[in-house]
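start.csv, holding CSV, C-alpha atoms and all ligand atoms:
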```
chain,number,residue,atom,x,y,z
A,1,MET,CA,101.1,60.6,96.6
A,2,SER,CA,99.3,62.1,93.6
A,3,ALA,CA,96.4,59.6,93.7
A,4,MET,CA,95.8,60.1,97.4
A,5,GLY,CA,93.0,62.1,99.1
A,6,ASP,CA,93.7,65.5,100.6
A,7,GLY,CA,93.8,64.3,104.2
A,8,THR,CA,96.3,61.5,103.4
A,9,ARG,CA,98.5,63.9,101.4
A,10,ALA,CA,98.4,66.5,104.2
A,11,VAL,CA,99.6,64.1,106.9
A,12,ARG,CA,102.4,62.6,104.8
A,13,ALA,CA,103.4,65.6,102.7
A,14,GLY,CA,107.2,66.3,102.6
A,15,LEU,CA,108.2,63.5,105.0
A,16,PRO,CA,111.5,61.8,104.3
A,17,GLU,CA,111.7,58.1,103.5
A,18,PRO,CA,111.4,56.1,106.8
A,19,GLU,CA,114.8,55.4,108.4
A,20,GLN,CA,115.3,53.1,111.3
A,21,TYR,CA,115.5,55.1,114.6
A,22,GLU,CA,114.9,58.4,113.0
A,23,PRO,CA,111.8,60.5,113.7
A,24,THR,CA,109.0,60.7,111.2
A,25,LEU,CA,109.4,64.4,110.8
A,26,PRO,CA,113.0,65.4,111.6
A,27,GLY,CA,113.3,68.2,114.2
A,28,PRO,CA,114.3,71.8,113.3
A,29,VAL,CA,117.9,72.1,112.2
A,30,PHE,CA,119.5,75.2,113.9
A,31,ALA,CA,122.5,76.0,111.8
A,32,ALA,CA,124.1,79.2,110.5
A,33,HIS,CA,126.6,77.2,108.6
A,34,PHE,CA,127.3,73.5,107.7
A,35,HIS,CA,130.5,71.5,107.5
A,36,LEU,CA,131.8,72.3,104.1
A,37,SER,CA,135.3,71.6,102.7
A,38,GLY,CA,136.6,72.2,99.3
A,39,VAL,CA,134.4,73.5,96.5
A,40,PRO,CA,131.3,75.1,98.2
A,41,VAL,CA,128.6,73.1,96.6
A,42,GLY,CA,125.2,72.4,98.3
A,43,PRO,CA,122.8,71.0,99.3
A,44,TYR,CA,123.7,72.7,102.6
A,45,THR,CA,126.3,75.5,102.7
A,46,TYR,CA,125.2,78.6,104.6
A,47,GLY,CA,122.0,79.2,106.6
A,48,ARG,CA,120.7,82.1,104.5
A,49,GLU,CA,120.7,80.0,101.4
A,50,THR,CA,119.3,76.6,102.4
A,51,ASN,CA,118.3,74.6,105.5
A,52,PRO,CA,117.1,70.9,105.7
A,53,THR,CA,114.0,72.0,107.7
A,54,TRP,CA,113.0,74.3,104.9
A,55,THR,CA,113.6,71.5,102.3
A,56,HIS,CA,111.1,69.2,104.1
A,57,LEU,CA,108.5,72.0,104.3
A,58,GLU,CA,109.1,73.1,100.7
A,59,ARG,CA,108.6,69.6,99.5
A,60,ALA,CA,105.4,69.3,101.5
A,61,ILE,CA,104.0,72.5,100.1
A,62,SER,CA,104.9,71.5,96.6
A,63,GLU,CA,103.0,68.3,97.0
A,64,LEU,CA,99.9,70.2,98.2
A,65,GLU,CA,100.1,72.9,95.5
A,66,ALA,CA,100.6,70.5,92.6
A,67,PRO,CA,100.3,66.8,93.4
A,68,GLU,CA,100.5,65.8,89.8
A,69,GLU,CA,103.5,67.8,88.8
A,70,GLN,CA,107.2,68.6,89.5
A,71,VAL,CA,107.1,72.1,91.0
A,72,GLU,CA,109.4,74.0,93.3
A,73,THR,CA,108.5,75.9,96.5
A,74,THR,CA,110.5,78.6,98.2
A,75,VAL,CA,109.5,79.5,101.8
A,76,PHE,CA,109.9,83.0,103.2
A,77,ALA,CA,109.8,84.8,106.6
A,78,SER,CA,106.3,86.1,105.9
A,79,GLY,CA,103.6,86.4,103.3
A,80,MET,CA,104.8,89.9,102.3
A,81,ALA,CA,108.3,88.5,101.8
A,82,ALA,CA,106.9,86.0,99.4
A,83,VAL,CA,104.7,88.6,97.6
A,84,SER,CA,107.7,91.0,97.2
A,85,ALA,CA,110.0,88.2,96.0
A,86,VAL,CA,107.7,87.5,93.0
A,87,LEU,CA,107.1,91.1,92.1
A,88,LEU,CA,110.6,92.3,92.6
A,89,SER,CA,112.4,89.3,91.1
A,90,VAL,CA,110.2,89.6,87.9
A,91,ALA,CA,109.7,93.3,87.3
A,92,ARG,CA,112.4,95.7,86.1
A,93,ALA,CA,112.4,99.5,85.5
A,94,GLY,CA,110.2,100.2,82.5
A,95,ASP,CA,108.0,97.1,83.0
A,96,ALA,CA,104.3,97.3,83.8
A,97,VAL,CA,102.5,95.1,86.4
A,98,VAL,CA,98.8,94.8,87.1
A,99,LEU,CA,97.7,94.7,90.7
A,100,PRO,CA,94.2,94.3,92.2
A,101,ASP,CA,92.7,97.5,93.6
A,102,ASP,CA,90.7,95.6,96.2
A,103,GLY,CA,93.4,93.2,97.4
A,104,TYR,CA,95.3,92.9,100.7
A,105,GLN,CA,95.8,96.3,102.3
A,106,ALA,CA,99.7,96.2,102.0
A,107,LEU,CA,99.5,96.2,98.2
A,108,PRO,CA,99.4,100.0,98.0
A,109,LEU,CA,102.7,100.0,99.8
A,110,VAL,CA,104.1,97.5,97.3
A,111,ARG,CA,102.7,99.7,94.5
A,112,GLU,CA,104.7,102.7,95.9
A,113,GLN,CA,107.8,100.7,96.1
A,114,LEU,CA,107.4,99.4,92.5
A,115,GLU,CA,106.8,102.9,91.2
A,116,ALA,CA,109.9,104.2,93.0
A,117,TYR,CA,111.9,101.6,91.0
A,118,GLY,CA,110.4,102.9,87.7
A,119,ILE,CA,107.9,100.1,87.3
A,120,GLU,CA,104.5,101.1,86.0
A,121,VAL,CA,101.6,99.8,88.1
A,122,ARG,CA,98.1,99.4,86.6
A,123,THR,CA,95.2,98.3,88.8
A,124,ALA,CA,91.9,96.4,88.2
A,125,ALA,CA,89.1,95.1,90.4
A,126,THR,CA,89.2,91.4,91.2
A,127,GLY,CA,85.7,90.6,89.8
A,128,GLY,CA,84.4,91.4,86.4
A,129,ASP,CA,87.4,90.7,84.2
A,130,ALA,CA,88.6,94.3,84.2
A,131,GLN,CA,92.2,92.9,84.1
A,132,LEU,CA,91.7,92.1,80.5
A,133,GLU,CA,91.6,95.8,79.6
A,134,VAL,CA,95.0,96.5,81.1
A,135,LEU,CA,97.1,93.5,80.1
A,136,ASP,CA,98.6,94.9,76.9
A,137,GLY,CA,102.4,95.1,77.2
A,138,ALA,CA,102.4,94.1,80.9
A,139,LYS,CA,105.0,91.8,82.4
A,140,LEU,CA,103.0,90.3,85.3
A,141,LEU,CA,99.4,90.1,86.3
A,142,TRP,CA,98.8,89.7,90.0
A,143,ILE,CA,95.5,88.4,91.2
A,144,GLU,CA,94.1,87.6,94.6
A,145,THR,CA,91.1,85.3,94.6
A,146,PRO,CA,89.1,85.3,96.8
A,147,SER,CA,90.1,88.8,97.5
A,148,ASN,CA,90.7,90.0,101.0
A,149,PRO,CA,88.5,91.4,102.5
A,150,GLY,CA,85.8,91.8,99.8
A,151,LEU,CA,85.7,88.0,98.8
A,152,ASP,CA,85.3,88.7,95.1
A,153,VAL,CA,86.5,85.9,92.9
A,154,CYS,CA,88.0,86.1,89.4
A,155,ASP,CA,88.2,83.4,86.8
A,156,VAL,CA,91.8,82.3,87.0
A,157,ARG,CA,91.7,80.1,83.9
A,158,ARG,CA,90.2,82.8,81.7
A,159,LEU,CA,92.7,85.5,82.9
A,160,VAL,CA,95.7,83.1,82.5
A,161,GLU,CA,94.7,82.3,79.0
A,162,ALA,CA,94.4,86.0,78.0
A,163,ALA,CA,97.6,86.9,79.9
A,164,HIS,CA,99.7,84.1,78.4
A,165,ALA,CA,98.4,85.0,74.9
A,166,ALA,CA,99.7,88.5,75.5
A,167,GLY,CA,103.0,87.2,77.0
A,168,VAL,CA,102.1,88.2,80.5
A,169,LEU,CA,103.1,86.1,83.6
A,170,VAL,CA,100.4,85.4,86.2
A,171,ALA,CA,100.8,85.2,90.0
A,172,VAL,CA,97.9,84.2,92.2
A,173,ASP,CA,97.8,85.1,95.9
A,174,ASN,CA,96.2,81.9,97.3
A,175,THR,CA,96.3,82.9,100.9
A,176,LEU,CA,92.6,82.7,101.6
A,177,ALA,CA,91.8,79.5,99.8
A,178,THR,CA,95.0,77.5,100.7
A,179,PRO,CA,96.0,74.7,98.2
A,180,LEU,CA,93.1,72.6,99.5
A,181,GLY,CA,90.7,75.3,98.3
A,182,GLN,CA,92.3,75.9,94.9
A,183,ARG,CA,95.4,75.0,93.0
A,184,PRO,CA,96.5,78.1,91.0
A,185,LEU,CA,99.2,76.2,89.1
A,186,GLU,CA,96.7,73.6,87.8
A,187,LEU,CA,94.5,76.6,86.7
A,188,GLY,CA,97.5,77.7,84.6
A,189,ALA,CA,99.2,80.4,86.8
A,190,ASP,CA,103.0,80.7,86.8
A,191,PHE,CA,103.2,81.5,90.6
A,192,SER,CA,101.1,80.4,93.5
A,193,VAL,CA,101.9,82.7,96.4
A,194,ALA,CA,100.6,82.7,100.0
A,195,SER,CA,100.8,84.1,103.4
A,196,ASP,CA,101.1,80.9,105.4
A,197,THR,CA,100.6,82.9,108.5
A,198,LYS,CA,96.9,82.3,107.8
A,199,GLY,CA,95.1,79.0,107.1
A,200,MET,CA,98.1,77.0,106.0
A,201,THR,CA,99.6,77.0,109.5
A,202,GLY,CA,96.3,77.9,111.1
A,203,HIS,CA,97.3,78.5,114.8
A,204,GLY,CA,97.9,82.2,114.7
A,205,ASP,CA,101.4,81.8,116.2
A,206,ILE,CA,103.8,82.1,113.3
A,207,LEU,CA,104.5,84.3,110.3
A,208,LEU,CA,105.5,82.5,107.1
A,209,GLY,CA,105.0,82.7,103.3
A,210,HIS,CA,105.8,80.7,100.2
A,211,VAL,CA,106.0,80.9,96.4
A,212,THR,CA,105.5,77.8,94.2
A,213,CYS,CA,106.4,77.7,90.5
A,214,ARG,CA,106.5,75.2,87.7
A,215,ASP,CA,109.2,77.0,85.7
A,216,PRO,CA,112.7,76.4,87.2
A,217,LEU,CA,113.9,79.7,85.9
A,218,LEU,CA,111.2,81.7,87.6
A,219,SER,CA,111.8,79.6,90.7
A,220,ALA,CA,115.5,80.4,90.6
A,221,GLY,CA,114.8,84.1,90.4
A,222,VAL,CA,112.6,83.9,93.5
A,223,ARG,CA,115.2,81.9,95.4
A,224,ARG,CA,117.9,84.3,94.4
A,225,TRP,CA,115.8,87.1,95.7
A,226,ARG,CA,115.4,85.4,99.1
A,227,LYS,CA,119.2,85.0,99.3
A,228,VAL,CA,119.8,88.7,98.4
A,229,VAL,CA,117.2,90.1,100.7
A,230,GLY,CA,117.6,87.5,103.4
A,231,ALA,CA,113.9,87.2,104.1
A,232,ILE,CA,114.3,83.6,105.5
A,233,PRO,CA,112.1,81.8,107.9
A,234,GLY,CA,113.6,80.6,111.2
A,235,PRO,CA,114.0,76.8,111.4
A,236,MET,CA,111.6,76.6,114.4
A,237,GLU,CA,108.9,78.4,112.4
A,238,ALA,CA,109.5,76.2,109.4
A,239,TRP,CA,109.2,73.0,111.5
A,240,LEU,CA,106.1,74.2,113.3
A,241,ALA,CA,104.6,75.0,109.8
A,242,HIS,CA,105.3,71.5,108.6
A,243,ARG,CA,103.8,70.0,111.7
A,244,SER,CA,100.7,72.2,111.2
A,245,LEU,CA,100.2,71.0,107.6
A,246,SER,CA,99.4,67.5,108.9
A,247,THR,CA,96.1,68.9,110.2
A,248,LEU,CA,95.4,71.1,107.2
A,249,GLN,CA,92.6,69.1,105.8
A,250,LEU,CA,90.9,68.6,109.2
A,251,ARG,CA,91.1,72.3,110.0
A,252,VAL,CA,90.1,73.5,106.6
A,253,ASP,CA,87.1,71.1,106.2
A,254,ARG,CA,85.8,72.1,109.6
A,255,GLN,CA,86.3,75.8,109.0
A,256,CYS,CA,84.7,75.7,105.5
A,257,SER,CA,81.6,73.8,106.6
A,258,THR,CA,81.0,76.0,109.6
A,259,ALA,CA,81.7,79.1,107.5
A,260,LEU,CA,78.9,78.0,105.1
A,261,VAL,CA,76.5,77.5,108.0
A,262,LEU,CA,77.4,80.8,109.5
A,263,ALA,CA,76.8,82.5,106.1
A,264,GLU,CA,73.4,80.8,105.9
A,265,THR,CA,72.5,81.9,109.4
A,266,LEU,CA,73.6,85.5,108.7
A,267,ALA,CA,71.6,85.6,105.5
A,268,LYS,CA,68.5,85.2,107.7
A,269,ARG,CA,69.3,88.1,109.9
A,270,THR,CA,67.7,91.4,108.9
A,271,GLU,CA,70.4,93.6,110.5
A,272,VAL,CA,73.1,92.0,108.3
A,273,ALA,CA,73.8,93.5,104.9
A,274,GLY,CA,76.4,93.0,102.2
A,275,LEU,CA,76.9,89.3,103.2
A,276,ARG,CA,79.7,87.6,101.2
A,277,TYR,CA,80.8,84.0,101.2
A,278,PRO,CA,82.0,82.5,97.9
A,279,GLY,CA,80.5,79.1,98.9
A,280,LEU,CA,77.0,80.5,99.3
A,281,PRO,CA,75.0,79.7,96.1
A,282,GLU,CA,73.4,83.2,96.2
A,283,ASP,CA,76.8,84.9,96.3
A,284,PRO,CA,77.9,86.8,93.1
A,285,SER,CA,81.2,84.9,93.3
A,286,TYR,CA,79.6,81.5,93.5
A,287,PRO,CA,79.4,80.6,89.8
A,288,THR,CA,83.1,81.2,89.2
A,289,ALA,CA,84.1,79.9,92.6
A,290,VAL,CA,82.4,76.6,92.1
A,291,ARG,CA,84.3,76.0,88.8
A,292,GLN,CA,87.8,76.6,90.2
A,293,MET,CA,87.6,76.0,94.0
A,294,ARG,CA,87.3,72.8,95.9
A,295,ARG,CA,86.7,74.5,99.3
A,296,PHE,CA,85.5,78.1,99.8
A,297,GLY,CA,87.6,79.3,102.7
A,298,SER,CA,87.2,80.2,106.3
A,299,VAL,CA,86.3,83.9,105.9
A,300,VAL,CA,82.8,85.4,105.8
A,301,SER,CA,82.2,89.1,105.5
A,302,PHE,CA,79.2,91.3,106.2
A,303,VAL,CA,78.1,94.8,107.1
A,304,LEU,CA,76.4,96.0,110.2
A,305,ALA,CA,74.5,99.3,110.5
A,306,ASP,CA,77.4,101.5,111.6
A,307,LYS,CA,80.7,101.6,113.5
A,308,GLU,CA,79.0,101.5,116.9
A,309,THR,CA,76.8,98.5,116.1
A,310,ALA,CA,79.8,96.6,114.7
A,311,GLU,CA,81.9,97.5,117.8
A,312,ARG,CA,79.1,96.3,120.1
A,313,PHE,CA,78.8,93.1,118.2
A,314,LEU,CA,82.6,92.4,118.5
A,315,THR,CA,82.5,93.2,122.2
A,316,ALA,CA,79.6,90.9,122.8
A,317,LEU,CA,81.2,87.9,121.2
A,318,ARG,CA,82.7,85.5,123.7
A,319,LEU,CA,84.1,82.7,121.6
A,320,VAL,CA,85.5,85.0,118.9
A,321,ASP,CA,88.6,87.1,119.4
A,322,ASP,CA,88.5,90.7,118.2
A,323,ALA,CA,91.7,90.4,116.2
A,324,THR,CA,93.1,90.7,112.7
A,325,SER,CA,94.4,87.9,110.5
A,326,PHE,CA,92.3,84.9,109.5
A,327,GLY,CA,92.5,81.1,108.9
A,328,GLY,CA,93.2,80.1,112.5
A,329,VAL,CA,91.7,77.4,114.7
A,330,ARG,CA,90.3,80.1,117.0
A,331,SER,CA,87.6,82.3,115.4
A,332,THR,CA,88.5,85.9,115.0
A,333,ALA,CA,86.6,88.9,113.7
A,334,GLU,CA,87.3,92.6,113.2
A,335,ARG,CA,85.9,95.8,112.0
A,336,ARG,CA,88.0,96.1,109.0
A,337,ALA,CA,87.6,99.9,108.5
A,338,ARG,CA,89.6,100.5,111.7
A,339,TRP,CA,92.8,100.1,109.6
A,340,GLY,CA,91.8,102.7,107.1
A,341,GLY,CA,93.3,100.8,104.1
A,342,ASP,CA,90.3,99.0,102.6
A,343,ALA,CA,87.3,100.6,100.7
A,344,VAL,CA,84.7,99.2,103.1
A,345,PRO,CA,81.9,100.7,105.1
A,346,GLU,CA,82.5,101.5,108.8
A,347,GLY,CA,80.3,98.6,109.9
A,348,PHE,CA,82.1,96.0,107.7
A,349,ILE,CA,83.1,92.8,109.6
A,350,ARG,CA,85.6,90.3,108.4
A,351,PHE,CA,84.8,87.1,110.2
A,352,SER,CA,87.3,84.2,110.2
A,353,VAL,CA,85.7,80.9,111.2
A,354,GLY,CA,87.8,78.6,113.5
A,355,ALA,CA,87.5,75.0,114.6
A,356,GLU,CA,85.0,75.5,117.4
A,357,ASP,CA,81.8,73.4,117.5
A,358,PRO,CA,79.5,75.0,115.0
A,359,VAL,CA,76.5,75.0,117.4
A,360,ASP,CA,78.5,77.0,120.0
A,361,LEU,CA,79.9,79.4,117.5
A,362,LEU,CA,76.5,80.1,115.8
A,363,ALA,CA,74.9,80.6,119.2
A,364,ASP,CA,77.6,83.1,120.2
A,365,VAL,CA,77.2,85.0,117.0
A,366,GLU,CA,73.4,85.2,117.2
A,367,ARG,CA,73.5,86.3,120.8
A,368,ALA,CA,76.1,89.0,120.0
A,369,LEU,CA,73.9,90.3,117.1
A,370,ASP,CA,70.9,90.5,119.4
A,371,GLU,CA,73.0,92.4,122.0
A,372,ALA,CA,74.5,94.7,119.4
A,373,GLY,CA,71.0,95.7,118.2
A,374,ARG,CA,69.7,96.7,121.6
B,401,LIG,C1,95.9,87.9,100.9
B,401,LIG,C2,97.1,88.2,101.7
B,401,LIG,N1,98.3,88.2,101.1
B,401,LIG,C3,99.4,88.5,101.8
B,401,LIG,C4,99.4,88.8,103.1
B,401,LIG,C5,100.7,89.2,103.9
B,401,LIG,O1,101.0,88.1,104.7
B,401,LIG,P1,102.0,88.3,106.0
B,401,LIG,O2,101.2,89.1,107.0
B,401,LIG,O3,102.2,86.9,106.4
B,401,LIG,O4,103.2,89.0,105.6
B,401,LIG,C6,98.2,88.8,103.8
B,401,LIG,C7,98.1,89.2,105.2
B,401,LIG,O5,97.1,89.4,105.8
B,401,LIG,C8,97.0,88.5,103.1
B,401,LIG,O6,95.8,88.6,103.7
```

Could I get this file's structure written as structure tokens?
Amino acid sequence: MSAMGDGTRAVRAGLPEPEQYEPTLPGPVFAAHFHLSGVPVGPYTYGRETNPTWTHLERAISELEAPEEQVETTVFASGMAAVSAVLLSVARAGDAVVLPDDGYQALPLVREQLEAYGIEVRTAATGGDAQLEVLDGAKLLWIETPSNPGLDVCDVRRLVEAAHAAGVLVAVDNTLATPLGQRPLELGADFSVASDTKGMTGHGDILLGHVTCRDPLLSAGVRRWRKVVGAIPGPMEAWLAHRSLSTLQLRVDRQCSTALVLAETLAKRTEVAGLRYPGLPEDPSYPTAVRQMRRFGSVVSFVLADKETAERFLTALRLVDDATSFGGVRSTAERRARWGGDAVPEGFIRFSVGAEDPVDLLADVERALDEAGR
């Protein structure tokens, strides 16, 4: 599959060899335990450790994350389960880890947890290479690029090079880009981590996460963590995720091309400030993004005058749900400051572009901006 295009890979990823009278994608296997006599050796022993439905999904994600390489993926019950598995399987008391100070809003909770375990947490902004100043003696560098919700981008190759030279492991949260947008392992990272609740599964109906690594020892640590904590996905969720991957390229291509047109449209509106989209040539992230990303994501962010204007805009939208999360086929938007966790202005909107017809979506946004300004 390594020579195939993204669409071909997405529709075939992780499928077992054809077998007469068997379905193309085997259905979910609901099993707490498996028949097992004698010495308890896998592949399938107990449902907290392994499940054939996970195996198919894990192979599919591995093919998307690193089509040219042998890598291993572990799926989790949510993105946060995957994030925690990397940080907590790697860091020990006395270690230091570097986290972004502008990343996903649950990271401060993770920071508290790490510090409670005696792990030093250093922080750095996503853009501008500030990570290089705090790498010395660290165990792990965690980067999120593009960052959520600010959409800053860091140069993964440059940071990996510096981190590896200093003996520091690198994990990339690839949620926003998906493996069709960028492949962190190809850029040199040790872990590619994602919330598959977002663009990977793309229908806003399941929570899921994954970790992919090249090094079998690191992968074994992550797998062991899943077994210890029990943060396992249900077979139905895993099967739905695999089914959803077959449309990943169709969804992501539509979302990214509409997101660019939306950003171009918003750039012409005088009431819009602080517009960010890494695929917009005028965006500060663009020069780095264009070197390491193959698609620029479904999220556009911008700032309206104040909280009231932003709320009026969200209420006026008819084709866009006022809801959190991103990456789904139905567009969503939210006033991000309502959560209180991100350093953003009151009028900051995080807009996730869905698979609607671009003409309809743009008309809806322009009309809602007009109404919000009245
Ligand atoms: C960048 C990023 N990482 C991790 C997560 C956590 O994922 P989940 O909500 O699936 O636990 C999110 C959720 O929004 C996210 O945006």

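The space between atom CA of A:Val252 and atom CA of A:Val71 spans 23.1 Å.
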
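Among the candidates A:Leu140, A:Asp205, A:Gln182, A:Asp152, the residue lying nearest to A:Ser89 is A:Leu140 (atoms considered: all atoms listed in the file).
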
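Omitting stretch 183-194 of chain A and its sequence neighbours fewer than 6 positions away, and counting only C-alpha atoms, the residues within 7 Å are Glu65, Ala66, Gly79, Ala82, Val83, Val156, Arg157, Val160, Leu169, Val170, Ala171, Val172, Asp173, Asn174, Thr175, Gly209, His210, Val211, Thr212, Cys213 and Arg214 of chain A.
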
Under the rule of at most 6 Å, produce a per-residue listing of chain A near ligand LIG 401 (chain B): chain, number, name, the closest pair of atoms, and the distance in Å, as a tab-separated table, using all atoms listed in the file.
```
residue	atom	partner	partner_atom	distance
A:Ser78	CA	B:LIG401	O3	4.2
A:Gly79	CA	B:LIG401	O1	3.4
A:Met80	CA	B:LIG401	O4	3.8
A:Tyr104	CA	B:LIG401	C1	5.0
A:Asn148	CA	B:LIG401	C1	5.6
A:Thr175	CA	B:LIG401	C1	5.0
A:Ser195	CA	B:LIG401	O1	4.2
A:Thr197	CA	B:LIG401	O3	4.8
A:Leu207	CA	B:LIG401	O3	5.2
A:Leu208	CA	B:LIG401	O3	5.5
A:Gly209	CA	B:LIG401	O3	5.9
A:Ser325	CA	B:LIG401	O5	5.6
```

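Between A:Ala259 and the residues A:Val97, A:Leu57, A:Leu280, A:Ala289, the shortest atom-to-atom distance, using all atoms listed in the file, involves A:Leu280.
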
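All residues of protein, DNA or RNA that reach within 10 Å of A:Val329, judged by all atoms listed in the file and not counting those fewer than 6 positions away in the chain, are Lys198, Gly199, Thr201, Gly202, His203, Gly204, Arg251, Val252, Arg254, Gln255, Ser298, Ser352, Val353, Gly354, Ala355 and Glu356 of chain A.
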
Residues of stretch 58-168 of chain A that have any atom at most 8 Å from an atom of stretch 228-248 of chain A: could you tabulate them with the shortest-distance atom pair and the distance in Å to one decimal, using all atoms listed in the file, ordered by chain and increasing number, as a tab-separated table?
```
residue	atom	partner	partner_atom	distance
A:Ala60	CA	A:His242	CA	7.4
A:Val75	CA	A:Pro233	CA	7.0
A:Phe76	CA	A:Ile232	CA	5.0
A:Ala77	CA	A:Pro233	CA	4.0
A:Ser78	CA	A:Pro233	CA	7.5
A:Ala81	CA	A:Ala231	CA	6.2
```

Selection above as a file: C-alpha atoms, as a CSV table (one decimal), in the coordinates of the input:
```
chain,number,residue,atom,x,y,z
A,60,ALA,CA,105.4,69.3,101.5
A,75,VAL,CA,109.5,79.5,101.8
A,76,PHE,CA,109.9,83.0,103.2
A,77,ALA,CA,109.8,84.8,106.6
A,78,SER,CA,106.3,86.1,105.9
A,81,ALA,CA,108.3,88.5,101.8
```
